[in-house]
Every structure is written in structure tokens, then in C-alpha cells.
>>> print(open('structure.pdb').read())   # PDB, C-alpha atoms
ATOM      1  CA  MET Q  27     177.329  85.112 -33.748
ATOM      2  CA  ARG Q  28     173.990  85.546 -31.987
ATOM      3  CA  ILE Q  29     173.241  88.883 -30.348
ATOM      4  CA  LEU Q  30     170.409  89.826 -28.002
ATOM      5  CA  PHE Q  31     169.579  93.535 -28.152
ATOM      6  CA  ILE Q  32     167.211  94.643 -25.381
ATOM      7  CA  GLY Q  33     164.922  97.670 -25.761
ATOM      8  CA  ASP Q  34     164.949 100.663 -23.399
ATOM      9  CA  ILE Q  35     165.120  99.439 -19.789
ATOM     10  CA  VAL Q  36     162.628 101.526 -17.786
ATOM     11  CA  GLY Q  37     163.063 101.649 -14.034
ATOM     12  CA  LYS Q  38     163.088  99.111 -11.242
ATOM     13  CA  PRO Q  39     160.362  96.744 -12.509
ATOM     14  CA  ALA Q  40     162.417  96.202 -15.658
ATOM     15  CA  ARG Q  41     165.613  95.644 -13.677
ATOM     16  CA  ASN Q  42     163.881  93.170 -11.380
ATOM     17  CA  TYR Q  43     162.560  91.265 -14.369
ATOM     18  CA  LEU Q  44     166.003  91.080 -15.987
ATOM     19  CA  ALA Q  45     167.621  90.005 -12.726
ATOM     20  CA  ASN Q  46     165.232  87.054 -12.572
ATOM     21  CA  HIS Q  47     164.987  86.106 -16.253
ATOM     22  CA  LEU Q  48     167.924  87.350 -18.337
ATOM     23  CA  GLN Q  49     170.206  84.381 -17.750
ATOM     24  CA  LYS Q  50     167.375  82.012 -18.676
ATOM     25  CA  ILE Q  51     166.782  83.950 -21.910
ATOM     26  CA  ILE Q  52     170.495  83.873 -22.729
ATOM     27  CA  SER Q  53     170.702  80.124 -22.122
ATOM     28  CA  LYS Q  54     167.473  79.230 -23.914
ATOM     29  CA  ASN Q  55     168.396  81.198 -27.060
ATOM     30  CA  GLU Q  56     172.147  80.410 -27.020
ATOM     31  CA  ILE Q  57     173.043  84.111 -26.951
ATOM     32  CA  ASP Q  58     176.698  85.115 -27.430
ATOM     33  CA  LEU Q  59     176.443  88.842 -26.650
ATOM     34  CA  VAL Q  60     173.915  91.075 -24.876
ATOM     35  CA  ILE Q  61     173.451  94.794 -25.591
ATOM     36  CA  ALA Q  62     170.773  96.967 -23.966
ATOM     37  CA  ASN Q  63     169.681 100.573 -24.035
ATOM     38  CA  GLY Q  64     169.880 101.706 -20.409
ATOM     39  CA  GLU Q  65     169.278 105.460 -20.484
ATOM     40  CA  ASN Q  66     166.027 105.091 -18.505
ATOM     41  CA  ALA Q  67     167.174 102.332 -16.162
ATOM     42  CA  ALA Q  68     167.335 104.485 -12.988
ATOM     43  CA  GLY Q  69     163.842 105.569 -12.013
ATOM     44  CA  GLY Q  70     162.797 105.969 -15.638
ATOM     45  CA  ALA Q  71     165.303 108.727 -16.436
ATOM     46  CA  GLY Q  72     169.069 108.306 -16.616
ATOM     47  CA  ILE Q  73     171.432 105.707 -15.179
ATOM     48  CA  THR Q  74     173.523 105.717 -12.019
ATOM     49  CA  GLU Q  75     176.778 103.978 -11.184
ATOM     50  CA  LYS Q  76     174.920 101.533  -8.941
ATOM     51  CA  VAL Q  77     172.335 100.693 -11.607
ATOM     52  CA  TYR Q  78     175.048 100.352 -14.248
ATOM     53  CA  ALA Q  79     176.888  97.800 -12.093
ATOM     54  CA  GLU Q  80     173.626  95.970 -11.434
ATOM     55  CA  LEU Q  81     172.917  95.605 -15.167
ATOM     56  CA  ILE Q  82     176.443  94.454 -15.963
ATOM     57  CA  ASP Q  83     176.255  91.862 -13.178
ATOM     58  CA  MET Q  84     173.047  90.488 -14.725
ATOM     59  CA  GLY Q  85     174.945  89.583 -17.884
ATOM     60  CA  ILE Q  86     174.565  92.644 -20.117
ATOM     61  CA  ASP Q  87     177.827  93.212 -21.996
ATOM     62  CA  LEU Q  88     177.254  96.795 -23.179
ATOM     63  CA  ILE Q  89     174.795  99.554 -22.297
ATOM     64  CA  THR Q  90     173.911 102.313 -24.764
ATOM     65  CA  GLY Q  91     172.446 105.738 -24.068
ATOM     66  CA  GLY Q  92     170.280 108.486 -25.514
ATOM     67  CA  ASN Q  93     168.671 111.804 -24.645
ATOM     68  CA  HIS Q  94     168.332 110.885 -20.948
ATOM     69  CA  THR Q  95     171.966 109.838 -20.602
ATOM     70  CA  TRP Q  96     172.801 113.004 -18.629
ATOM     71  CA  ASP Q  97     169.860 112.988 -16.193
ATOM     72  CA  ARG Q  98     171.936 111.501 -13.332
ATOM     73  CA  LYS Q  99     175.120 113.406 -12.599
ATOM     74  CA  ASP Q 100     177.348 110.498 -11.550
ATOM     75  CA  ILE Q 101     177.145 109.287 -15.171
ATOM     76  CA  TYR Q 102     179.910 111.747 -16.008
ATOM     77  CA  ASN Q 103     182.442 109.806 -13.940
ATOM     78  CA  ILE Q 104     181.571 106.296 -15.074
ATOM     79  CA  LEU Q 105     181.355 107.229 -18.763
ATOM     80  CA  GLU Q 106     185.045 108.026 -18.695
ATOM     81  CA  ARG Q 107     186.188 104.831 -17.007
ATOM     82  CA  GLU Q 108     183.682 102.044 -17.701
ATOM     83  CA  GLU Q 109     184.115 100.038 -20.912
ATOM     84  CA  GLY Q 110     180.554  98.707 -20.821
ATOM     85  CA  LEU Q 111     178.834 102.070 -21.285
ATOM     86  CA  ILE Q 112     178.652 104.350 -24.328
ATOM     87  CA  ARG Q 113     176.693 107.506 -25.223
ATOM     88  CA  PRO Q 114     175.589 108.976 -28.572
ATOM     89  CA  ALA Q 115     178.563 109.533 -30.884
ATOM     90  CA  ASN Q 116     177.111 112.615 -32.581
ATOM     91  CA  LEU Q 117     177.563 114.895 -29.573
ATOM     92  CA  PRO Q 118     180.426 117.422 -29.456
ATOM     93  CA  THR Q 119     183.546 115.243 -29.323
ATOM     94  CA  ASN Q 120     185.756 117.751 -27.487
ATOM     95  CA  THR Q 121     183.387 118.519 -24.611
ATOM     96  CA  THR Q 122     181.203 115.441 -24.110
ATOM     97  CA  PRO Q 123     182.411 112.792 -21.639
ATOM     98  CA  GLY Q 124     182.673 109.175 -22.711
ATOM     99  CA  ARG Q 125     182.713 107.338 -26.025
ATOM    100  CA  GLY Q 126     180.197 106.947 -28.823
ATOM    101  CA  ALA Q 127     181.419 103.519 -29.916
ATOM    102  CA  ALA Q 128     183.068 100.440 -28.450
ATOM    103  CA  VAL Q 129     184.593  97.128 -29.493
ATOM    104  CA  LEU Q 130     183.645  94.011 -27.545
ATOM    105  CA  ILE Q 131     185.362  90.627 -27.736
ATOM    106  CA  LYS Q 132     183.383  87.395 -27.384
ATOM    107  CA  GLU Q 133     184.865  83.975 -28.147
ATOM    108  CA  ASN Q 134     187.802  85.746 -29.834
ATOM    109  CA  VAL Q 135     185.376  87.594 -32.132
ATOM    110  CA  LYS Q 136     185.303  91.407 -32.161
ATOM    111  CA  ILE Q 137     181.963  93.218 -32.349
ATOM    112  CA  GLY Q 138     181.693  96.977 -32.788
ATOM    113  CA  VAL Q 139     178.794  98.959 -31.334
ATOM    114  CA  ILE Q 140     177.867 102.546 -32.235
ATOM    115  CA  ASN Q 141     175.376 104.741 -30.356
ATOM    116  CA  LEU Q 142     173.719 107.625 -32.256
ATOM    117  CA  ILE Q 143     170.948 110.090 -31.446
ATOM    118  CA  GLY Q 144     168.404 111.559 -33.859
ATOM    119  CA  ARG Q 145     167.738 115.205 -34.665
ATOM    120  CA  VAL Q 146     164.052 115.181 -35.654
ATOM    121  CA  PHE Q 147     161.876 116.222 -32.656
ATOM    122  CA  MET Q 148     164.972 115.884 -30.447
ATOM    123  CA  ASN Q 149     167.438 118.278 -28.820
ATOM    124  CA  PRO Q 150     170.165 119.689 -31.098
ATOM    125  CA  ALA Q 151     172.982 117.291 -31.997
ATOM    126  CA  ASP Q 152     175.595 116.873 -34.707
ATOM    127  CA  CYS Q 153     174.682 115.002 -37.883
ATOM    128  CA  PRO Q 154     174.134 111.307 -37.012
ATOM    129  CA  PHE Q 155     174.833 110.231 -40.597
ATOM    130  CA  ARG Q 156     178.281 111.834 -40.672
ATOM    131  CA  ALA Q 157     179.025 110.555 -37.168
ATOM    132  CA  ALA Q 158     178.051 107.057 -38.262
ATOM    133  CA  GLU Q 159     180.455 107.217 -41.210
ATOM    134  CA  ARG Q 160     183.265 108.377 -38.921
ATOM    135  CA  GLU Q 161     182.737 105.648 -36.352
ATOM    136  CA  ILE Q 162     182.296 102.924 -38.975
ATOM    137  CA  LYS Q 163     185.591 103.896 -40.589
ATOM    138  CA  ASN Q 164     187.357 103.464 -37.250
ATOM    139  CA  LEU Q 165     185.633 100.199 -36.341
ATOM    140  CA  LYS Q 166     186.217  98.618 -39.751
ATOM    141  CA  LYS Q 167     189.920  98.552 -38.911
ATOM    142  CA  GLU Q 168     189.080  95.867 -36.332
ATOM    143  CA  THR Q 169     185.840  94.149 -37.337
ATOM    144  CA  ASN Q 170     183.079  93.769 -39.924
ATOM    145  CA  LEU Q 171     180.513  93.078 -37.203
ATOM    146  CA  ILE Q 172     178.970  96.432 -36.282
ATOM    147  CA  ILE Q 173     175.704  97.096 -34.415
ATOM    148  CA  VAL Q 174     174.162 100.586 -34.431
ATOM    149  CA  ASP Q 175     171.720 101.777 -31.744
ATOM    150  CA  PHE Q 176     169.970 104.792 -33.291
ATOM    151  CA  HIS Q 177     168.110 106.551 -30.478
ATOM    152  CA  ALA Q 178     165.619 108.692 -32.379
ATOM    153  CA  GLU Q 179     162.005 109.853 -32.356
ATOM    154  CA  ALA Q 180     160.966 109.901 -36.004
ATOM    155  CA  THR Q 181     160.400 106.601 -37.778
ATOM    156  CA  SER Q 182     161.369 108.254 -41.066
ATOM    157  CA  GLU Q 183     164.778 109.279 -39.687
ATOM    158  CA  LYS Q 184     165.380 105.758 -38.386
ATOM    159  CA  GLN Q 185     164.438 104.180 -41.701
ATOM    160  CA  ALA Q 186     166.647 106.672 -43.517
ATOM    161  CA  MET Q 187     169.574 105.619 -41.318
ATOM    162  CA  GLY Q 188     168.819 101.968 -42.015
ATOM    163  CA  TRP Q 189     168.986 102.440 -45.766
ATOM    164  CA  TYR Q 190     171.980 104.762 -45.524
ATOM    165  CA  LEU Q 191     173.977 102.153 -43.615
ATOM    166  CA  ASP Q 192     172.637  99.096 -45.441
ATOM    167  CA  GLY Q 193     175.621  96.928 -46.317
ATOM    168  CA  LYS Q 194     177.965  99.042 -44.180
ATOM    169  CA  VAL Q 195     176.962  97.635 -40.781
ATOM    170  CA  SER Q 196     175.415  94.426 -39.472
ATOM    171  CA  ALA Q 197     172.357  96.014 -37.863
ATOM    172  CA  VAL Q 198     170.614  99.350 -37.352
ATOM    173  CA  LEU Q 199     168.304  99.111 -34.336
ATOM    174  CA  GLY Q 200     166.042 101.974 -33.309
ATOM    175  CA  THR Q 201     165.388 102.864 -29.689
ATOM    176  CA  HIS Q 202     163.649 105.705 -27.776
ATOM    177  CA  SER Q 203     159.927 105.336 -28.542
ATOM    178  CA  HIS Q 204     159.451 102.371 -26.113
ATOM    179  CA  VAL Q 205     156.976 100.850 -28.608
ATOM    180  CA  GLN Q 206     158.161  97.912 -30.689
ATOM    181  CA  THR Q 207     157.516  98.457 -34.397
ATOM    182  CA  ALA Q 208     156.401  95.878 -36.950
ATOM    183  CA  ASP Q 209     159.085  96.515 -39.596
ATOM    184  CA  CYS Q 210     161.741  94.026 -38.488
ATOM    185  CA  ARG Q 211     163.627  92.833 -41.606
ATOM    186  CA  ILE Q 212     166.923  92.254 -43.382
ATOM    187  CA  LEU Q 213     167.579  95.094 -45.835
ATOM    188  CA  ASN Q 214     168.766  94.475 -49.400
ATOM    189  CA  ARG Q 215     172.500  94.505 -48.690
ATOM    190  CA  GLY Q 216     172.419  92.411 -45.543
ATOM    191  CA  THR Q 217     171.769  94.843 -42.680
ATOM    192  CA  ALA Q 218     169.239  93.869 -40.007
ATOM    193  CA  PHE Q 219     166.779  96.658 -39.219
ATOM    194  CA  ILE Q 220     163.909  97.607 -36.933
ATOM    195  CA  SER Q 221     162.588 101.140 -36.368
ATOM    196  CA  ASP Q 222     162.199 100.561 -32.640
ATOM    197  CA  VAL Q 223     163.070  97.566 -30.485
ATOM    198  CA  GLY Q 224     160.614  98.666 -27.775
ATOM    199  CA  MET Q 225     161.165  98.547 -24.014
ATOM    200  CA  VAL Q 226     161.487  96.456 -20.908
ATOM    201  CA  GLY Q 227     159.072  98.114 -18.525
ATOM    202  CA  LYS Q 228     155.746  98.108 -16.763
ATOM    203  CA  TYR Q 229     153.069  96.735 -19.093
ATOM    204  CA  ASP Q 230     150.081  98.727 -17.809
ATOM    205  CA  SER Q 231     151.753 102.088 -18.271
ATOM    206  CA  ILE Q 232     152.454 104.929 -20.641
ATOM    207  CA  LEU Q 233     155.923 104.209 -22.029
ATOM    208  CA  GLY Q 234     156.848 102.480 -18.768
ATOM    209  CA  VAL Q 235     155.648 105.095 -16.265
ATOM    210  CA  ASP Q 236     152.442 105.008 -14.213
ATOM    211  CA  ILE Q 237     149.398 106.039 -16.218
ATOM    212  CA  GLU Q 238     147.926 108.724 -13.941
ATOM    213  CA  GLY Q 239     150.978 110.982 -13.802
ATOM    214  CA  ALA Q 240     151.496 110.870 -17.534
ATOM    215  CA  LEU Q 241     147.793 111.531 -18.166
ATOM    216  CA  GLN Q 242     147.840 114.588 -15.918
ATOM    217  CA  ARG Q 243     150.738 116.047 -17.893
ATOM    218  CA  PHE Q 244     148.739 115.738 -21.111
ATOM    219  CA  ILE Q 245     145.405 116.875 -19.673
ATOM    220  CA  THR Q 246     146.518 119.800 -17.494
ATOM    221  CA  ARG Q 247     149.715 120.797 -19.363
ATOM    222  CA  LEU Q 248     151.284 121.271 -15.909
ATOM    223  CA  PRO Q 249     154.343 119.525 -14.406
ATOM    224  CA  HIS Q 250     153.437 116.273 -12.678
ATOM    225  CA  LYS Q 251     155.738 113.728 -11.091
ATOM    226  CA  LEU Q 252     156.171 110.543 -13.094
ATOM    227  CA  GLU Q 253     156.419 107.399 -10.994
ATOM    228  CA  ILE Q 254     156.985 103.731 -11.748
ATOM    229  CA  SER Q 255     155.270 101.121  -9.600
ATOM    230  CA  GLU Q 256     155.504  97.349  -9.721
ATOM    231  CA  GLY Q 257     153.315  95.281 -12.008
ATOM    232  CA  LYS Q 258     153.400  93.061 -15.068
ATOM    233  CA  VAL Q 259     156.450  93.671 -17.249
ATOM    234  CA  LEU Q 260     156.688  93.877 -21.037
ATOM    235  CA  PHE Q 261     159.931  92.458 -22.423
ATOM    236  CA  ASN Q 262     160.912  93.708 -25.886
ATOM    237  CA  ALA Q 263     164.118  92.709 -27.630
ATOM    238  CA  VAL Q 264     165.492  91.384 -30.894
ATOM    239  CA  ILE Q 265     167.764  88.419 -31.581
ATOM    240  CA  ILE Q 266     170.157  88.874 -34.497
ATOM    241  CA  ASP Q 267     172.231  86.139 -36.143
ATOM    242  CA  LEU Q 268     175.348  87.460 -37.885
ATOM    243  CA  ASP Q 269     177.791  85.884 -40.318
ATOM    244  CA  ILE Q 270     181.225  86.382 -38.752
ATOM    245  CA  GLY Q 271     183.080  86.431 -42.061
ATOM    246  CA  SER Q 272     181.020  88.977 -43.997
ATOM    247  CA  GLY Q 273     179.426  90.867 -41.116
ATOM    248  CA  LYS Q 274     176.015  90.514 -42.764
ATOM    249  CA  ALA Q 275     172.875  89.689 -40.825
ATOM    250  CA  LEU Q 276     171.385  86.251 -41.416
ATOM    251  CA  GLU Q 277     168.216  86.705 -39.370
ATOM    252  CA  ILE Q 278     166.535  89.180 -37.029
ATOM    253  CA  LYS Q 279     163.708  88.050 -34.771
ATOM    254  CA  PRO Q 280     161.650  90.323 -32.491
ATOM    255  CA  ILE Q 281     160.628  89.279 -28.994
ATOM    256  CA  SER Q 282     157.566  90.715 -27.236
ATOM    257  CA  GLU Q 283     156.460  88.935 -24.070
ATOM    258  CA  ILE Q 284     154.488  89.898 -20.955
ATOM    259  CA  PHE Q 285     155.400  88.573 -17.515
TER     260      PHE Q 285
END
>>> encode(input="structure.pdb", output="C-alpha cells")
Amino acid sequence: MRILFIGDIVGKPARNYLANHLQKIISKNEIDLVIANGENAAGGAGITEKVYAELIDMGIDLITGGNHTWDRKDIYNILEREEGLIRPANLPTNTTPGRGAAVLIKENVKIGVINLIGRVFMNPADCPFRAAEREIKNLKKETNLIIVDFHAEATSEKQAMGWYLDGKVSAVLGTHSHVQTADCRILNRGTAFISDVGMVGKYDSILGVDIEGALQRFITRLPHKLEISEGKVLFNAVIIDLDIGSGKALEIKPISEIF
């Protein structure tokens, strides 16, 4: 089973790139399943129903979330009804719309996906480690193939999650920082890991948004509108090969290309 996991999709330039290139990438690399973090897909913050449908139509099978999941209000409605969208599992289960995990079926093979959010330098959330154990227990009833999107700020927290889940899941993939890290590897017990997959977004930017607005926020410490204009696009992703029988990762390969 070969999975393409795409880093944080940031705004319209990223969506335009995927609309033009994703099917070629899928075909060229013989991809079986596509997962992407889409919490910044609408204007760089949040996701709307229209943008969700656009991404699904491109060929993305499942979209994960993060701290910007709630920035667009119509997300509340589609989280409850759309099977291709999940949000962090370690949010209050009784009051938070949507699901923190999902099971996908490709070529009669079931693949579980869990979305988690970190607690270091992030807004308050329940323990991601306990939430991971809970969701893994449920998914293991159906499949040994489990992918975890850990949307977190601190590299140390992401690495801790990787080692904690080593041998329990097929892959632990970090998102949120928009910068692809250089620690892509298979851990000792067969779990693929990278601290951060990176982003699909404007190349000449600060984390996908136009440079000037972001600079003004840092320099003046005052609110300044963040915009995203067209330009060259950075495409970050990883390709993971999984053994269907054991659920272990056979290979993880990072992709970083500029178009």
C-alpha cells in the first residue's frame, strides 16, 4: 500500500497547483491513497465547504485538521456529515463537532487515520498521547494500517509521539510548522516518522503568506492583514510504503519541489 501524505495546503496558490498536478503525481508514483492537511486551505486559515469539495474532487481521499480547523464557521456543518474530513481527536469529545479518526477503504484494504493536536506552544487540548491510545484501540479492531497526523508546534513533542507510537501505528507524520524537516526515517519497530511534512504554498513567502504582511506583524507588533498572492509554489509531501499484513512501514520518502 502506497500512501501520499501532503503537507499543510495554504490558500489558493496551493489549490491551483494541486488541481493542475495532483493526478500526475498520483499516476507517476502509483499512489493508492492520498491524505492532506487542509486546515489552511481557504485563504490561509480554515477550510470551507466549497474548498473541501474542491480538494476531494482533485483526488484527495481524506483531509485532516489542526488549530485553524474552526476559523471558517461552515466547517461545523460539514464535519458532522462528510466522511473525508476529520479534526484533532484530543478535543472534548462531548462538545466538539466531527470525528478525530476515520477508516478508509482502498482496493478492499482498510486504512485508519488519526488526527491529533499538540499542547506545547498551542491552545489547551486534552492529552494527545491518551487520545492516540484510545483511537488506536478502536481502529485496531478493523485494521493494522494506521496513519497519524500530529499537528503540533514543538519538534520534541512530535518526536516523543513518534517513539511513543513506534510499533503501534504505521506512521506518525508531523504537520503545522509548514517547514519540512530533515528527520524522515523508519523507527526501530517499523513506524514511519517525520517531524513535519511541510506545506504546499507560495514559495517566496513566510509560511505560505505574503512576506510584507508577516514582517509588519513581527516588526510593529500590531495587527496586519495576511494575504496570499500568486507565485511559485513549494510542494512538500511524503510517500509511505506499507506492508498490508503487518501494518509496518517499508519506506518513507520526502518530496520537496518548486513549481
>>> resolve_selection(input="structure.pdb", expression="the PyMOL selection byres ((chain Q and resi 188) around 12)", output="PyMOL selection string")
chain Q and resi 154-155+158+173-176+181-187+189-200+209-222
>>> residues_around(input="structure.pdb", residues="Ala40 (chain Q)", least_positions_apart="2", cutoff="9 Å", atoms="all atoms listed in the file", output="NGL selection string")
:Q and (35-38 or 42-45 or 67 or 225-228 or 234 or 259-261)
>>> write_last_selection(input="structure.pdb", atoms="C-alpha atoms", output="PDB file, in the frame of the given file")
ATOM      1  CA  ILE Q  35     165.120  99.439 -19.789  1.00  0.00           C
ATOM      2  CA  VAL Q  36     162.628 101.526 -17.786  1.00  0.00           C
ATOM      3  CA  GLY Q  37     163.063 101.649 -14.034  1.00  0.00           C
ATOM      4  CA  LYS Q  38     163.088  99.111 -11.242  1.00  0.00           C
ATOM      5  CA  ASN Q  42     163.881  93.170 -11.380  1.00  0.00           C
ATOM      6  CA  TYR Q  43     162.560  91.265 -14.369  1.00  0.00           C
ATOM      7  CA  LEU Q  44     166.003  91.080 -15.987  1.00  0.00           C
ATOM      8  CA  ALA Q  45     167.621  90.005 -12.726  1.00  0.00           C
ATOM      9  CA  ALA Q  67     167.174 102.332 -16.162  1.00  0.00           C
ATOM     10  CA  MET Q 225     161.165  98.547 -24.014  1.00  0.00           C
ATOM     11  CA  VAL Q 226     161.487  96.456 -20.908  1.00  0.00           C
ATOM     12  CA  GLY Q 227     159.072  98.114 -18.525  1.00  0.00           C
ATOM     13  CA  LYS Q 228     155.746  98.108 -16.763  1.00  0.00           C
ATOM     14  CA  GLY Q 234     156.848 102.480 -18.768  1.00  0.00           C
ATOM     15  CA  VAL Q 259     156.450  93.671 -17.249  1.00  0.00           C
ATOM     16  CA  LEU Q 260     156.688  93.877 -21.037  1.00  0.00           C
ATOM     17  CA  PHE Q 261     159.931  92.458 -22.423  1.00  0.00           C
TER      18      PHE Q 261
END
>>> resolve_selection(input="structure.pdb", expression="the PyMOL selection byres ((chain Q and resi 140) around 8)", output="PDB file with C-alpha atoms, in the frame of the given file")
ATOM      1  CA  PRO Q 114     175.589 108.976 -28.572  1.00  0.00           C
ATOM      2  CA  ALA Q 115     178.563 109.533 -30.884  1.00  0.00           C
ATOM      3  CA  GLY Q 126     180.197 106.947 -28.823  1.00  0.00           C
ATOM      4  CA  ALA Q 127     181.419 103.519 -29.916  1.00  0.00           C
ATOM      5  CA  ALA Q 128     183.068 100.440 -28.450  1.00  0.00           C
ATOM      6  CA  GLY Q 138     181.693  96.977 -32.788  1.00  0.00           C
ATOM      7  CA  VAL Q 139     178.794  98.959 -31.334  1.00  0.00           C
ATOM      8  CA  ASN Q 141     175.376 104.741 -30.356  1.00  0.00           C
ATOM      9  CA  LEU Q 142     173.719 107.625 -32.256  1.00  0.00           C
ATOM     10  CA  ALA Q 158     178.051 107.057 -38.262  1.00  0.00           C
ATOM     11  CA  GLU Q 161     182.737 105.648 -36.352  1.00  0.00           C
ATOM     12  CA  ILE Q 172     178.970  96.432 -36.282  1.00  0.00           C
ATOM     13  CA  ILE Q 173     175.704  97.096 -34.415  1.00  0.00           C
ATOM     14  CA  VAL Q 174     174.162 100.586 -34.431  1.00  0.00           C
ATOM     15  CA  ASP Q 175     171.720 101.777 -31.744  1.00  0.00           C
TER      16      ASP Q 175
END
>>> closest_residue(input="structure.pdb", among="Q:Asn46, Q:Leu171, Q:Gly224, Q:Gly85", to="Ile266 (chain Q)", atoms="all atoms listed in the file")
Q:Leu171
>>> closest_residue(input="structure.pdb", among="Q:Asn134, Q:Ala240, Q:Val235, Q:Asn262", to="Phe285 (chain Q)", atoms="all atoms listed in the file")
Q:Asn262
>>> atom_distance(input="structure.pdb", atom1="CA of His202 (chain Q)", atom2="CA of Gly92 (chain Q)")
7.5 Å
>>> closest_residue(input="structure.pdb", among="Q:Ile101, Q:Glu56, Q:Ile162, Q:Asp269", to="Tyr78 (chain Q)", atoms="only C-alpha atoms")
Q:Ile101
>>> atom_distance(input="structure.pdb", atom1="CA of Ile284 (chain Q)", atom2="CA of Gln242 (chain Q)")
26.1 Å
>>> closest_residue(input="structure.pdb", among="Q:Lys279, Q:Lys251, Q:Lys99, Q:His204", to="Leu30 (chain Q)", atoms="only C-alpha atoms")
Q:Lys279
>>> resolve_selection(input="structure.pdb", expression="the PyMOL selection byres ((chain Q and resi 148) around 12)", output="PyMOL selection string")
chain Q and resi 92-94+143-147+149-152+177-180+183+202-203
>>> residues_around(input="structure.pdb", residues="Lys132 (chain Q)", least_positions_apart="6", cutoff="10 Å", atoms="all atoms listed in the file", output="PyMOL selection string")
chain Q and resi 27+58-59+87
